[in-house]
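Structure data (CSV, C-alpha atoms and all ligand atoms) from work_11.csv:
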chain,number,residue,atom,x,y,z
A,12,MET,CA,-0.6,-72.2,-51.0
A,13,ILE,CA,-1.0,-72.2,-54.8
A,14,GLU,CA,-4.6,-72.9,-55.7
A,15,PRO,CA,-5.4,-75.0,-58.8
A,16,GLN,CA,-6.8,-73.3,-61.9
A,17,ARG,CA,-5.6,-69.9,-61.1
A,18,GLU,CA,-3.8,-67.8,-63.7
A,19,ILE,CA,-0.2,-67.5,-62.3
A,20,PHE,CA,1.8,-64.3,-62.3
A,21,ALA,CA,5.3,-64.1,-60.8
A,22,LEU,CA,8.0,-61.9,-59.5
A,23,PHE,CA,11.5,-62.7,-60.6
A,24,GLY,CA,14.3,-61.2,-58.4
A,25,ASN,CA,17.0,-62.1,-55.9
A,26,PRO,CA,16.2,-61.4,-53.1
A,27,VAL,CA,12.4,-61.3,-53.1
A,28,ALA,CA,11.5,-62.4,-49.6
A,29,HIS,CA,10.4,-59.0,-48.3
A,30,SER,CA,8.8,-57.6,-51.5
A,31,LEU,CA,5.5,-55.9,-51.2
A,32,SER,CA,4.5,-56.7,-54.8
A,33,PRO,CA,2.7,-59.9,-53.9
A,34,VAL,CA,0.4,-58.3,-51.4
A,35,MET,CA,-0.2,-55.4,-53.8
A,36,HIS,CA,-1.0,-57.5,-56.8
A,37,ASN,CA,-3.0,-60.2,-55.0
A,38,THR,CA,-5.2,-57.6,-53.4
A,39,ALA,CA,-5.8,-56.0,-56.8
A,40,PHE,CA,-6.7,-59.4,-58.4
A,41,ARG,CA,-9.3,-60.1,-55.7
A,42,LYS,CA,-10.8,-56.6,-56.1
A,43,MET,CA,-10.8,-57.0,-59.9
A,44,ASN,CA,-12.4,-60.5,-59.7
A,45,ILE,CA,-9.5,-62.0,-61.5
A,46,HIS,CA,-8.8,-65.6,-60.6
A,47,GLY,CA,-5.1,-64.9,-60.5
A,48,GLN,CA,-2.2,-65.5,-58.1
A,49,TYR,CA,1.0,-63.6,-57.9
A,50,ILE,CA,4.0,-65.6,-56.5
A,51,PRO,CA,7.6,-64.3,-55.7
A,52,PHE,CA,10.4,-66.5,-57.0
A,53,CYS,CA,14.0,-66.0,-55.9
A,54,VAL,CA,15.7,-66.7,-59.2
A,55,LYS,CA,18.9,-68.8,-59.3
A,56,ASN,CA,19.2,-69.0,-63.1
A,57,LEU,CA,17.5,-66.3,-65.1
A,58,GLU,CA,17.6,-68.1,-68.5
A,59,ASP,CA,15.9,-71.2,-67.0
A,60,ALA,CA,13.4,-69.1,-65.2
A,61,VAL,CA,12.4,-67.3,-68.4
A,62,ARG,CA,12.0,-70.6,-70.1
A,63,GLY,CA,9.8,-71.6,-67.2
A,64,ILE,CA,7.4,-68.8,-68.0
A,65,ARG,CA,6.5,-70.5,-71.3
A,66,GLY,CA,6.7,-74.0,-69.9
A,67,LEU,CA,4.4,-73.2,-67.0
A,68,ASN,CA,2.2,-70.7,-68.8
A,69,ILE,CA,2.9,-68.0,-66.3
A,70,ARG,CA,0.8,-65.1,-67.7
A,71,GLY,CA,2.9,-62.1,-66.6
A,72,VAL,CA,6.1,-61.5,-64.6
A,73,SER,CA,7.5,-58.5,-62.7
A,74,VAL,CA,11.3,-58.4,-62.9
A,75,THR,CA,13.4,-56.7,-60.2
A,76,ILE,CA,16.9,-56.3,-59.0
A,77,PRO,CA,19.3,-57.6,-60.3
A,78,PHE,CA,17.7,-58.9,-63.6
A,79,LYS,CA,16.1,-55.8,-65.2
A,80,THR,CA,18.8,-55.4,-67.8
A,81,THR,CA,20.0,-59.0,-68.3
A,82,VAL,CA,16.5,-60.3,-68.9
A,83,ILE,CA,16.2,-58.5,-72.2
A,84,ALA,CA,18.4,-61.1,-74.0
A,85,TYR,CA,16.0,-63.9,-73.2
A,86,LEU,CA,12.8,-62.3,-74.4
A,87,ASP,CA,11.2,-62.6,-77.9
A,88,GLU,CA,10.7,-58.8,-78.1
A,89,THR,CA,11.2,-55.7,-76.0
A,90,ASP,CA,9.3,-52.5,-76.6
A,91,ASP,CA,11.1,-49.3,-77.7
A,92,GLU,CA,10.5,-47.5,-74.4
A,93,ALA,CA,12.1,-50.3,-72.3
A,94,LEU,CA,15.0,-50.5,-74.8
A,95,LYS,CA,15.7,-46.8,-74.4
A,96,VAL,CA,15.5,-47.0,-70.6
A,97,GLY,CA,17.7,-50.1,-70.9
A,98,ALA,CA,15.6,-52.1,-68.4
A,99,VAL,CA,12.6,-54.4,-68.4
A,100,ASN,CA,10.5,-54.7,-65.2
A,101,THR,CA,7.5,-56.4,-66.8
A,102,ILE,CA,7.0,-59.4,-69.0
A,103,VAL,CA,3.8,-60.3,-70.8
A,104,ASN,CA,3.2,-63.8,-72.1
A,105,GLU,CA,0.9,-64.1,-75.1
A,106,GLY,CA,0.7,-67.7,-76.1
A,107,GLY,CA,4.3,-68.4,-75.3
A,108,ARG,CA,5.6,-65.2,-76.9
A,109,LEU,CA,7.3,-63.1,-74.3
A,110,THR,CA,7.5,-59.3,-74.6
A,111,GLY,CA,9.4,-56.9,-72.3
A,112,HIS,CA,8.1,-53.6,-71.0
A,113,ASN,CA,9.2,-50.9,-68.5
A,114,THR,CA,6.6,-49.3,-66.2
A,115,ASP,CA,9.1,-47.7,-63.8
A,116,TRP,CA,9.2,-44.5,-65.9
A,117,GLN,CA,5.4,-44.4,-65.9
A,118,GLY,CA,5.5,-44.8,-62.1
A,119,ILE,CA,7.7,-41.7,-61.9
A,120,ILE,CA,5.8,-39.6,-64.4
A,121,LEU,CA,2.4,-40.4,-62.9
A,122,THR,CA,3.6,-39.5,-59.5
A,123,LEU,CA,5.0,-36.2,-60.8
A,124,ARG,CA,1.9,-35.5,-62.9
A,125,ASN,CA,-0.4,-35.8,-59.9
A,126,ALA,CA,1.4,-32.9,-58.4
A,127,MET,CA,2.3,-30.6,-61.3
A,128,GLU,CA,2.5,-29.9,-65.0
A,129,ILE,CA,5.8,-31.4,-66.1
A,130,GLU,CA,6.2,-29.6,-69.3
A,131,GLY,CA,8.8,-26.8,-69.3
A,132,LYS,CA,10.0,-27.4,-65.7
A,133,THR,CA,13.5,-28.3,-64.7
A,134,PHE,CA,14.2,-31.5,-62.7
A,135,VAL,CA,17.3,-32.3,-60.9
A,136,ILE,CA,17.8,-36.1,-61.0
A,137,LEU,CA,20.1,-37.4,-58.3
A,138,GLY,CA,21.9,-40.6,-59.4
A,139,ALA,CA,23.0,-42.2,-62.7
A,140,GLY,CA,21.8,-45.8,-62.4
A,141,GLY,CA,18.8,-47.7,-63.9
A,142,THR,CA,16.2,-45.7,-61.9
A,143,ALA,CA,17.8,-42.4,-63.1
A,144,ARG,CA,17.4,-43.7,-66.7
A,145,ALA,CA,13.7,-44.4,-66.0
A,146,ALA,CA,13.3,-40.9,-64.5
A,147,LEU,CA,15.1,-39.3,-67.5
A,148,PHE,CA,12.9,-41.1,-70.0
A,149,GLY,CA,9.7,-40.1,-68.2
A,150,ILE,CA,10.6,-36.5,-67.6
A,151,LEU,CA,11.8,-36.0,-71.2
A,152,ARG,CA,8.6,-37.7,-72.5
A,153,GLY,CA,6.6,-35.3,-70.3
A,154,GLY,CA,8.4,-32.3,-71.8
A,155,GLY,CA,10.5,-31.6,-68.7
A,156,ARG,CA,14.1,-30.5,-68.6
A,157,PRO,CA,16.3,-33.0,-66.6
A,158,VAL,CA,19.7,-32.1,-65.1
A,159,ILE,CA,21.8,-35.0,-63.9
A,160,VAL,CA,23.6,-34.9,-60.5
A,161,ASN,CA,25.8,-37.8,-59.5
A,162,ARG,CA,28.5,-38.6,-56.9
A,163,THR,CA,30.8,-40.2,-59.5
A,164,ARG,CA,31.5,-37.7,-62.2
A,165,GLU,CA,32.3,-40.0,-65.1
A,166,LYS,CA,29.1,-42.0,-64.7
A,167,GLY,CA,27.0,-38.9,-64.5
A,168,GLU,CA,28.7,-37.2,-67.4
A,169,GLN,CA,28.3,-40.3,-69.6
A,170,LEU,CA,24.6,-40.5,-68.9
A,171,ALA,CA,24.1,-36.8,-69.4
A,172,LYS,CA,25.9,-37.0,-72.8
A,173,GLU,CA,23.8,-40.0,-73.9
A,174,TRP,CA,20.5,-38.2,-73.1
A,175,GLY,CA,21.6,-34.7,-74.1
A,176,CYS,CA,21.2,-32.9,-70.8
A,177,PRO,CA,23.4,-31.0,-68.4
A,178,PHE,CA,25.5,-32.7,-65.6
A,179,TYR,CA,26.6,-31.3,-62.3
A,180,PRO,CA,28.8,-33.0,-59.6
A,181,LEU,CA,27.0,-33.5,-56.3
A,182,GLU,CA,29.0,-30.8,-54.6
A,183,GLU,CA,27.8,-28.2,-57.2
A,184,THR,CA,24.1,-28.9,-56.8
A,185,GLY,CA,23.7,-25.5,-55.2
A,186,LYS,CA,24.4,-23.8,-58.6
A,187,ILE,CA,21.4,-25.3,-60.3
A,188,THR,CA,18.0,-23.6,-60.5
A,189,ALA,CA,15.2,-26.1,-60.8
A,190,GLU,CA,11.6,-26.6,-59.7
A,191,CYS,CA,11.8,-30.2,-58.7
A,192,LEU,CA,14.4,-32.6,-57.3
A,193,VAL,CA,14.1,-36.4,-57.8
A,194,ASN,CA,16.3,-38.8,-55.8
A,195,THR,CA,16.9,-42.1,-57.6
A,196,THR,CA,19.8,-43.2,-55.3
A,197,SER,CA,19.3,-45.7,-52.5
A,198,VAL,CA,20.7,-43.2,-49.9
A,199,GLY,CA,18.2,-43.0,-47.0
A,200,MET,CA,16.7,-46.5,-47.5
A,201,ALA,CA,16.1,-48.6,-44.4
A,202,PRO,CA,18.1,-49.3,-42.3
A,203,ASP,CA,20.1,-46.1,-43.1
A,204,THR,CA,17.1,-43.9,-42.4
A,205,ASP,CA,19.2,-41.0,-41.0
A,206,ARG,CA,21.0,-40.4,-44.3
A,207,SER,CA,20.1,-38.1,-47.1
A,208,PRO,CA,21.7,-37.8,-50.5
A,209,ILE,CA,21.9,-34.0,-50.3
A,210,PRO,CA,22.4,-31.4,-47.5
A,211,ARG,CA,19.2,-29.9,-46.2
A,212,GLU,CA,20.3,-26.3,-46.9
A,213,LEU,CA,20.4,-27.1,-50.6
A,214,LEU,CA,16.7,-27.9,-50.7
A,215,THR,CA,15.2,-24.5,-50.1
A,216,GLY,CA,15.1,-23.6,-53.8
A,217,TYR,CA,12.8,-26.5,-54.8
A,218,ARG,CA,9.0,-26.4,-54.9
A,219,TRP,CA,8.8,-30.2,-55.1
A,220,VAL,CA,11.0,-33.0,-53.9
A,221,MET,CA,10.4,-36.7,-54.9
A,222,ASP,CA,12.1,-39.8,-53.5
A,223,VAL,CA,11.8,-43.1,-55.2
A,224,ILE,CA,12.5,-44.9,-51.9
A,225,TYR,CA,9.3,-46.0,-50.0
A,226,ASN,CA,10.9,-47.7,-47.0
A,227,PRO,CA,10.7,-45.6,-44.9
A,228,LEU,CA,7.6,-43.9,-46.2
A,229,LYS,CA,9.2,-40.6,-45.2
A,230,THR,CA,12.9,-40.6,-45.9
A,231,LYS,CA,15.3,-38.1,-44.3
A,232,LEU,CA,15.3,-36.3,-47.6
A,233,LEU,CA,11.6,-35.8,-47.6
A,234,ARG,CA,11.6,-34.8,-43.9
A,235,ASP,CA,14.2,-32.2,-44.7
A,236,ALA,CA,12.3,-31.0,-47.8
A,237,GLU,CA,9.1,-30.6,-45.8
A,238,ASP,CA,11.0,-28.6,-43.2
A,239,SER,CA,12.3,-26.4,-46.0
A,240,GLY,CA,8.7,-25.7,-47.3
A,241,CYS,CA,8.8,-28.1,-50.3
A,242,THR,CA,5.9,-30.3,-51.4
A,243,VAL,CA,7.1,-33.9,-51.0
A,244,LEU,CA,6.2,-36.9,-53.3
A,245,SER,CA,6.8,-40.3,-51.9
A,246,GLY,CA,8.2,-43.5,-53.5
A,247,LEU,CA,5.1,-45.3,-52.4
A,248,ASP,CA,3.1,-43.6,-55.2
A,249,MET,CA,5.8,-44.6,-57.8
A,250,PHE,CA,5.7,-48.2,-56.5
A,251,VAL,CA,1.9,-48.4,-56.8
A,252,HIS,CA,1.8,-46.8,-60.2
A,253,GLN,CA,4.5,-49.0,-61.7
A,254,GLY,CA,2.6,-52.0,-60.3
A,255,ALA,CA,-0.7,-50.7,-61.6
A,256,GLU,CA,0.7,-50.2,-65.1
A,257,GLN,CA,2.0,-53.9,-65.0
A,258,LEU,CA,-1.6,-55.0,-64.1
A,259,LYS,CA,-2.9,-53.0,-67.0
A,260,LEU,CA,-0.5,-54.7,-69.4
A,261,TRP,CA,-1.4,-58.1,-68.1
A,262,THR,CA,-5.2,-57.7,-67.9
A,263,GLY,CA,-6.1,-54.7,-70.1
A,264,ARG,CA,-8.0,-53.2,-67.2
A,265,GLU,CA,-7.6,-50.3,-64.9
A,266,PRO,CA,-6.5,-51.6,-61.5
A,267,PRO,CA,-7.7,-50.3,-58.0
A,268,ARG,CA,-4.8,-47.9,-57.4
A,269,ASP,CA,-6.1,-46.5,-54.1
A,270,LEU,CA,-6.6,-49.9,-52.6
A,271,MET,CA,-3.2,-51.0,-53.8
A,272,ARG,CA,-1.7,-48.0,-52.2
A,273,GLN,CA,-3.6,-48.6,-49.0
A,274,VAL,CA,-2.4,-52.2,-48.5
A,275,VAL,CA,1.2,-51.3,-49.2
A,276,GLN,CA,1.1,-48.3,-46.9
A,277,GLU,CA,-0.5,-50.4,-44.1
A,278,ARG,CA,2.3,-53.0,-44.4
A,279,LEU,CA,5.0,-50.3,-44.3
A,280,MET,CA,3.4,-48.6,-41.3
A,281,ALA,CA,3.2,-52.0,-39.5
A,282,LYS,CA,6.9,-52.4,-40.3
A,283,ASP,CA,7.6,-48.9,-38.9
A,284,ARG,CA,5.9,-50.0,-35.7
A,285,GLY,CA,8.1,-53.1,-35.6
A,286,SER,CA,5.3,-55.6,-36.2
A,287,GLY,CA,5.5,-56.3,-39.9
A,288,ALA,CA,7.8,-57.8,-42.4
A,289,GLY,CA,10.5,-55.8,-44.1
A,290,TYR,CA,10.5,-55.2,-47.8
A,291,ILE,CA,13.1,-55.0,-50.5
A,292,ASP,CA,12.4,-53.9,-54.1
A,293,LYS,CA,13.0,-50.3,-55.2
B,1,LIG,P1,19.4,-48.3,-59.7
B,1,LIG,O1,19.5,-49.2,-60.8
B,1,LIG,O2,18.4,-48.7,-58.6
B,1,LIG,O3,19.3,-46.9,-60.1
B,1,LIG,P2,22.3,-48.3,-59.4
B,1,LIG,O4,22.4,-48.6,-60.8
B,1,LIG,O5,23.1,-49.1,-58.4
B,1,LIG,O6,20.8,-48.5,-58.9
B,1,LIG,O7,22.6,-46.7,-59.2
B,1,LIG,C1,22.6,-46.2,-58.0
B,1,LIG,C2,23.0,-44.7,-58.1
B,1,LIG,O8,22.9,-44.2,-56.7
B,1,LIG,C3,24.3,-44.4,-58.6
B,1,LIG,O9,24.2,-43.2,-59.4
B,1,LIG,C4,25.2,-44.1,-57.4
B,1,LIG,O10,26.2,-43.2,-57.6
B,1,LIG,P3,27.6,-43.6,-58.2
B,1,LIG,O11,27.5,-43.5,-59.6
B,1,LIG,O12,28.5,-42.5,-57.6
B,1,LIG,O13,27.9,-44.9,-57.6
B,1,LIG,C5,24.1,-43.5,-56.5
B,1,LIG,N1,24.5,-43.7,-55.1
B,1,LIG,C6,24.5,-44.9,-54.4
B,1,LIG,N2,25.0,-44.7,-53.2
B,1,LIG,C7,25.3,-43.4,-53.0
B,1,LIG,C8,25.8,-42.6,-52.0
B,1,LIG,N3,26.1,-43.0,-50.8
B,1,LIG,N4,25.9,-41.2,-52.2
B,1,LIG,C9,25.6,-40.7,-53.4
B,1,LIG,N5,25.2,-41.4,-54.5
B,1,LIG,C10,25.0,-42.7,-54.3

Would it be possible to restate this file's structure as structure tokens?
Ligand code: ATR
Amino acid sequence: MIEPQREIFALFGNPVAHSLSPVMHNTAFRKMNIHGQYIPFCVKNLEDAVRGIRGLNIRGVSVTIPFKTTVIAYLDETDDEALKVGAVNTIVNEGGRLTGHNTDWQGIILTLRNAMEIEGKTFVILGAGGTARAALFGILRGGGRPVIVNRTREKGEQLAKEWGCPFYPLEETGKITAECLVNTTSVGMAPDTDRSPIPRELLTGYRWVMDVIYNPLKTKLLRDAEDSGCTVLSGLDMFVHQGAEQLKLWTGREPPRDLMRQVVQERLMAKDRGSGAGYIDK
């Protein structure tokens, strides 16, 4: 139920029914003593929904699939980082003026930084979609050297050209020497939990392997990587950090990241046991 006099925050996506963002943000609001409420909206018309942010004085919005790129056209301003990534996942409403930001790249870089020094290392990025762009931006910002690997050659080559980095087709991944591999594709996401974007024998050369998928918590890629002696970094950390950076933009305060991680993890574990709801955003 929506309580009166609360500051309203929202998720815009389609679908949103199984998103874990509401439980994560509402838990953070309670802990931070913020009288806020975060509500998921399954958006039918994006332009009308964005107008509704101003009309209803919604203080902040998370934007997810499939609106991260199209939403830019309806905002008053988008920061340079989100423009370069080409996607907005966060809207801040300051007195009716809507600004767009991207915290996905921060989610990726904070997850990597917790495990290693990024500067000077080589990172294989699997995929060439929006999440790959966020990874590219974050890794370049951190002083790392990205290499793009993608199933479809033209898409991968195009992205690599735009960002000034090397490209390899998926079947030539074995030729690359790199410290870390980051999967940005959806291969291995529930319900396809027995699939991995890359054969296990190609993982032995990496010290770290990160997956942006957090459902399941341990994807086949991460299970294979662990068996190959790699240190694994989960999509859960990225999800929590991108959400925490949204809260920072909305409130100017540091959110309780450990608690946010804990509630999301509990929900996902309950789901693994078959007793909880599913989830959907990546
Ligand atoms: P997002 O915005 O979440 O990154 P996207 O734009 O749909 O999603 O991009 C998905 C990426 O995952 C693409 O690079 C896609 O490869 P293609 O360019 O060849 O389509 C990659 N991908 C999706 N399914 C895949 C699969 N089964 N095997 C390999 N790559 C896959």

Notebook entry, point to check: Any idea what's packed within 10 Å of range 249-265 of chain A, counting only C-alpha atoms, ignoring anything in its chain fewer than 3 positions away? Could you give it as a ChimeraX atom specification?
Noted result: /A:20,31-32,35-36,39-40,43,45,70-73,100-105,112-123,221-225,244-246,268-273,275-276,292-293

Notebook entry, point to check: What is the atom P3 of ligand LIG 1 (chain B)-CA of Gly199 in chain A distance in Å, reported with one decimal?
Noted result: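 According to the coordinates, atom P3 of ligand LIG 1 (chain B) and CA of Gly199 in chain A are separated by 14.6 Å.
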
Checklist line | From A:Gly66, A:Gly111, A:Ile19, A:Lys95, residue lying nearest Ile83 in chain A [only C-alpha atoms] | finding: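 Looking at the shortest contact to Ile83 in chain A, the residue is A:Gly111.
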
With all atoms listed in the file counted, collect every polymer residue having an atom within 12 Å of ligand LIG 1 (chain B); state the result as a CSV table (one decimal) with C-alpha atoms, in the frame of the given file.
chain,number,residue,atom,x,y,z
A,75,THR,CA,13.4,-56.7,-60.2
A,76,ILE,CA,16.9,-56.3,-59.0
A,77,PRO,CA,19.3,-57.6,-60.3
A,78,PHE,CA,17.7,-58.9,-63.6
A,79,LYS,CA,16.1,-55.8,-65.2
A,80,THR,CA,18.8,-55.4,-67.8
A,96,VAL,CA,15.5,-47.0,-70.6
A,97,GLY,CA,17.7,-50.1,-70.9
A,98,ALA,CA,15.6,-52.1,-68.4
A,99,VAL,CA,12.6,-54.4,-68.4
A,100,ASN,CA,10.5,-54.7,-65.2
A,115,ASP,CA,9.1,-47.7,-63.8
A,116,TRP,CA,9.2,-44.5,-65.9
A,136,ILE,CA,17.8,-36.1,-61.0
A,137,LEU,CA,20.1,-37.4,-58.3
A,138,GLY,CA,21.9,-40.6,-59.4
A,139,ALA,CA,23.0,-42.2,-62.7
A,140,GLY,CA,21.8,-45.8,-62.4
A,141,GLY,CA,18.8,-47.7,-63.9
A,142,THR,CA,16.2,-45.7,-61.9
A,143,ALA,CA,17.8,-42.4,-63.1
A,144,ARG,CA,17.4,-43.7,-66.7
A,145,ALA,CA,13.7,-44.4,-66.0
A,146,ALA,CA,13.3,-40.9,-64.5
A,147,LEU,CA,15.1,-39.3,-67.5
A,159,ILE,CA,21.8,-35.0,-63.9
A,160,VAL,CA,23.6,-34.9,-60.5
A,161,ASN,CA,25.8,-37.8,-59.5
A,162,ARG,CA,28.5,-38.6,-56.9
A,163,THR,CA,30.8,-40.2,-59.5
A,164,ARG,CA,31.5,-37.7,-62.2
A,165,GLU,CA,32.3,-40.0,-65.1
A,166,LYS,CA,29.1,-42.0,-64.7
A,167,GLY,CA,27.0,-38.9,-64.5
A,168,GLU,CA,28.7,-37.2,-67.4
A,169,GLN,CA,28.3,-40.3,-69.6
A,170,LEU,CA,24.6,-40.5,-68.9
A,171,ALA,CA,24.1,-36.8,-69.4
A,180,PRO,CA,28.8,-33.0,-59.6
A,181,LEU,CA,27.0,-33.5,-56.3
A,182,GLU,CA,29.0,-30.8,-54.6
A,193,VAL,CA,14.1,-36.4,-57.8
A,194,ASN,CA,16.3,-38.8,-55.8
A,195,THR,CA,16.9,-42.1,-57.6
A,196,THR,CA,19.8,-43.2,-55.3
A,197,SER,CA,19.3,-45.7,-52.5
A,198,VAL,CA,20.7,-43.2,-49.9
A,199,GLY,CA,18.2,-43.0,-47.0
A,200,MET,CA,16.7,-46.5,-47.5
A,203,ASP,CA,20.1,-46.1,-43.1
A,206,ARG,CA,21.0,-40.4,-44.3
A,207,SER,CA,20.1,-38.1,-47.1
A,208,PRO,CA,21.7,-37.8,-50.5
A,209,ILE,CA,21.9,-34.0,-50.3
A,210,PRO,CA,22.4,-31.4,-47.5
A,223,VAL,CA,11.8,-43.1,-55.2
A,224,ILE,CA,12.5,-44.9,-51.9
A,291,ILE,CA,13.1,-55.0,-50.5
A,292,ASP,CA,12.4,-53.9,-54.1
A,293,LYS,CA,13.0,-50.3,-55.2

Next item on the list: Please provide as a VMD selection string all residues within 7 Å of range 48-61 of chain A, with the sequence filter that same-chain residues fewer than 3 positions apart are discarded (counting only C-alpha atoms).
Entry: chain A and resid 17 to 27 33 36 to 37 64 85

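CA of Glu92 in chain A is positioned 18.7 Å from CA of Ile129 in chain A.
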
Next item on the list: In Å, rounded to a single decimal, give me how far CA of Asn68 in chain A is from CA of Gly47 in chain A.
Entry: 12.5 Å

Notebook entry, point to check: Which residue, A:Asp90, A:Glu190, A:Glu277, A:Glu183, has the smallest gap to Leu247 in chain A when you use all atoms listed in the file?
Noted result: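 So, comparing all the options, the nearest one is A:Glu277.
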
Could you add the missing atoms to range 119-133 of chain A, up to N, CA, C and O atoms, and return them as a JSON list (two decimals), in the coordinates of the input?
[["chain", "number", "residue", "atom", "x", "y", "z"],
["A", 119, "ILE", "N", 7.13, -43.03, -62.22],
["A", 119, "ILE", "CA", 7.70, -41.70, -61.90],
["A", 119, "ILE", "C", 6.88, -40.60, -62.46],
["A", 119, "ILE", "O", 6.50, -39.65, -61.77],
["A", 120, "ILE", "N", 6.52, -40.73, -63.72],
["A", 120, "ILE", "CA", 5.80, -39.60, -64.40],
["A", 120, "ILE", "C", 4.40, -39.45, -63.83],
["A", 120, "ILE", "O", 3.90, -38.33, -63.67],
["A", 121, "LEU", "N", 3.75, -40.55, -63.49],
["A", 121, "LEU", "CA", 2.40, -40.40, -62.90],
["A", 121, "LEU", "C", 2.42, -39.78, -61.56],
["A", 121, "LEU", "O", 1.55, -39.00, -61.20],
["A", 122, "THR", "N", 3.46, -40.10, -60.78],
["A", 122, "THR", "CA", 3.60, -39.50, -59.50],
["A", 122, "THR", "C", 3.83, -37.97, -59.61],
["A", 122, "THR", "O", 3.20, -37.16, -58.92],
["A", 123, "LEU", "N", 4.71, -37.60, -60.55],
["A", 123, "LEU", "CA", 5.00, -36.20, -60.80],
["A", 123, "LEU", "C", 3.73, -35.47, -61.30],
["A", 123, "LEU", "O", 3.38, -34.37, -60.84],
["A", 124, "ARG", "N", 3.06, -36.11, -62.24],
["A", 124, "ARG", "CA", 1.90, -35.50, -62.90],
["A", 124, "ARG", "C", 0.75, -35.20, -61.92],
["A", 124, "ARG", "O", -0.01, -34.26, -62.11],
["A", 125, "ASN", "N", 0.64, -36.04, -60.89],
["A", 125, "ASN", "CA", -0.40, -35.80, -59.90],
["A", 125, "ASN", "C", -0.17, -34.51, -59.14],
["A", 125, "ASN", "O", -1.09, -33.95, -58.54],
["A", 126, "ALA", "N", 1.08, -34.05, -59.14],
["A", 126, "ALA", "CA", 1.40, -32.90, -58.40],
["A", 126, "ALA", "C", 1.62, -31.62, -59.20],
["A", 126, "ALA", "O", 1.53, -30.50, -58.70],
["A", 127, "MET", "N", 1.93, -31.78, -60.48],
["A", 127, "MET", "CA", 2.30, -30.60, -61.30],
["A", 127, "MET", "C", 2.21, -30.87, -62.77],
["A", 127, "MET", "O", 2.05, -32.01, -63.20],
["A", 128, "GLU", "N", 2.33, -29.80, -63.51],
["A", 128, "GLU", "CA", 2.50, -29.90, -65.00],
["A", 128, "GLU", "C", 3.99, -30.05, -65.23],
["A", 128, "GLU", "O", 4.79, -29.23, -64.79],
["A", 129, "ILE", "N", 4.38, -31.13, -65.88],
["A", 129, "ILE", "CA", 5.80, -31.40, -66.10],
["A", 129, "ILE", "C", 6.44, -30.54, -67.13],
["A", 129, "ILE", "O", 7.58, -30.08, -67.01],
["A", 130, "GLU", "N", 5.69, -30.27, -68.16],
["A", 130, "GLU", "CA", 6.20, -29.60, -69.30],
["A", 130, "GLU", "C", 6.86, -28.23, -68.97],
["A", 130, "GLU", "O", 6.26, -27.42, -68.24],
["A", 131, "GLY", "N", 8.08, -28.05, -69.45],
["A", 131, "GLY", "CA", 8.80, -26.80, -69.30],
["A", 131, "GLY", "C", 9.49, -26.63, -67.94],
["A", 131, "GLY", "O", 10.23, -25.67, -67.74],
["A", 132, "LYS", "N", 9.29, -27.57, -67.01],
["A", 132, "LYS", "CA", 10.00, -27.40, -65.70],
["A", 132, "LYS", "C", 11.33, -28.14, -65.73],
["A", 132, "LYS", "O", 11.57, -29.05, -66.51],
["A", 133, "THR", "N", 12.21, -27.67, -64.83],
["A", 133, "THR", "CA", 13.50, -28.30, -64.70],
["A", 133, "THR", "C", 13.57, -29.21, -63.52],
["A", 133, "THR", "O", 13.07, -28.87, -62.43]]
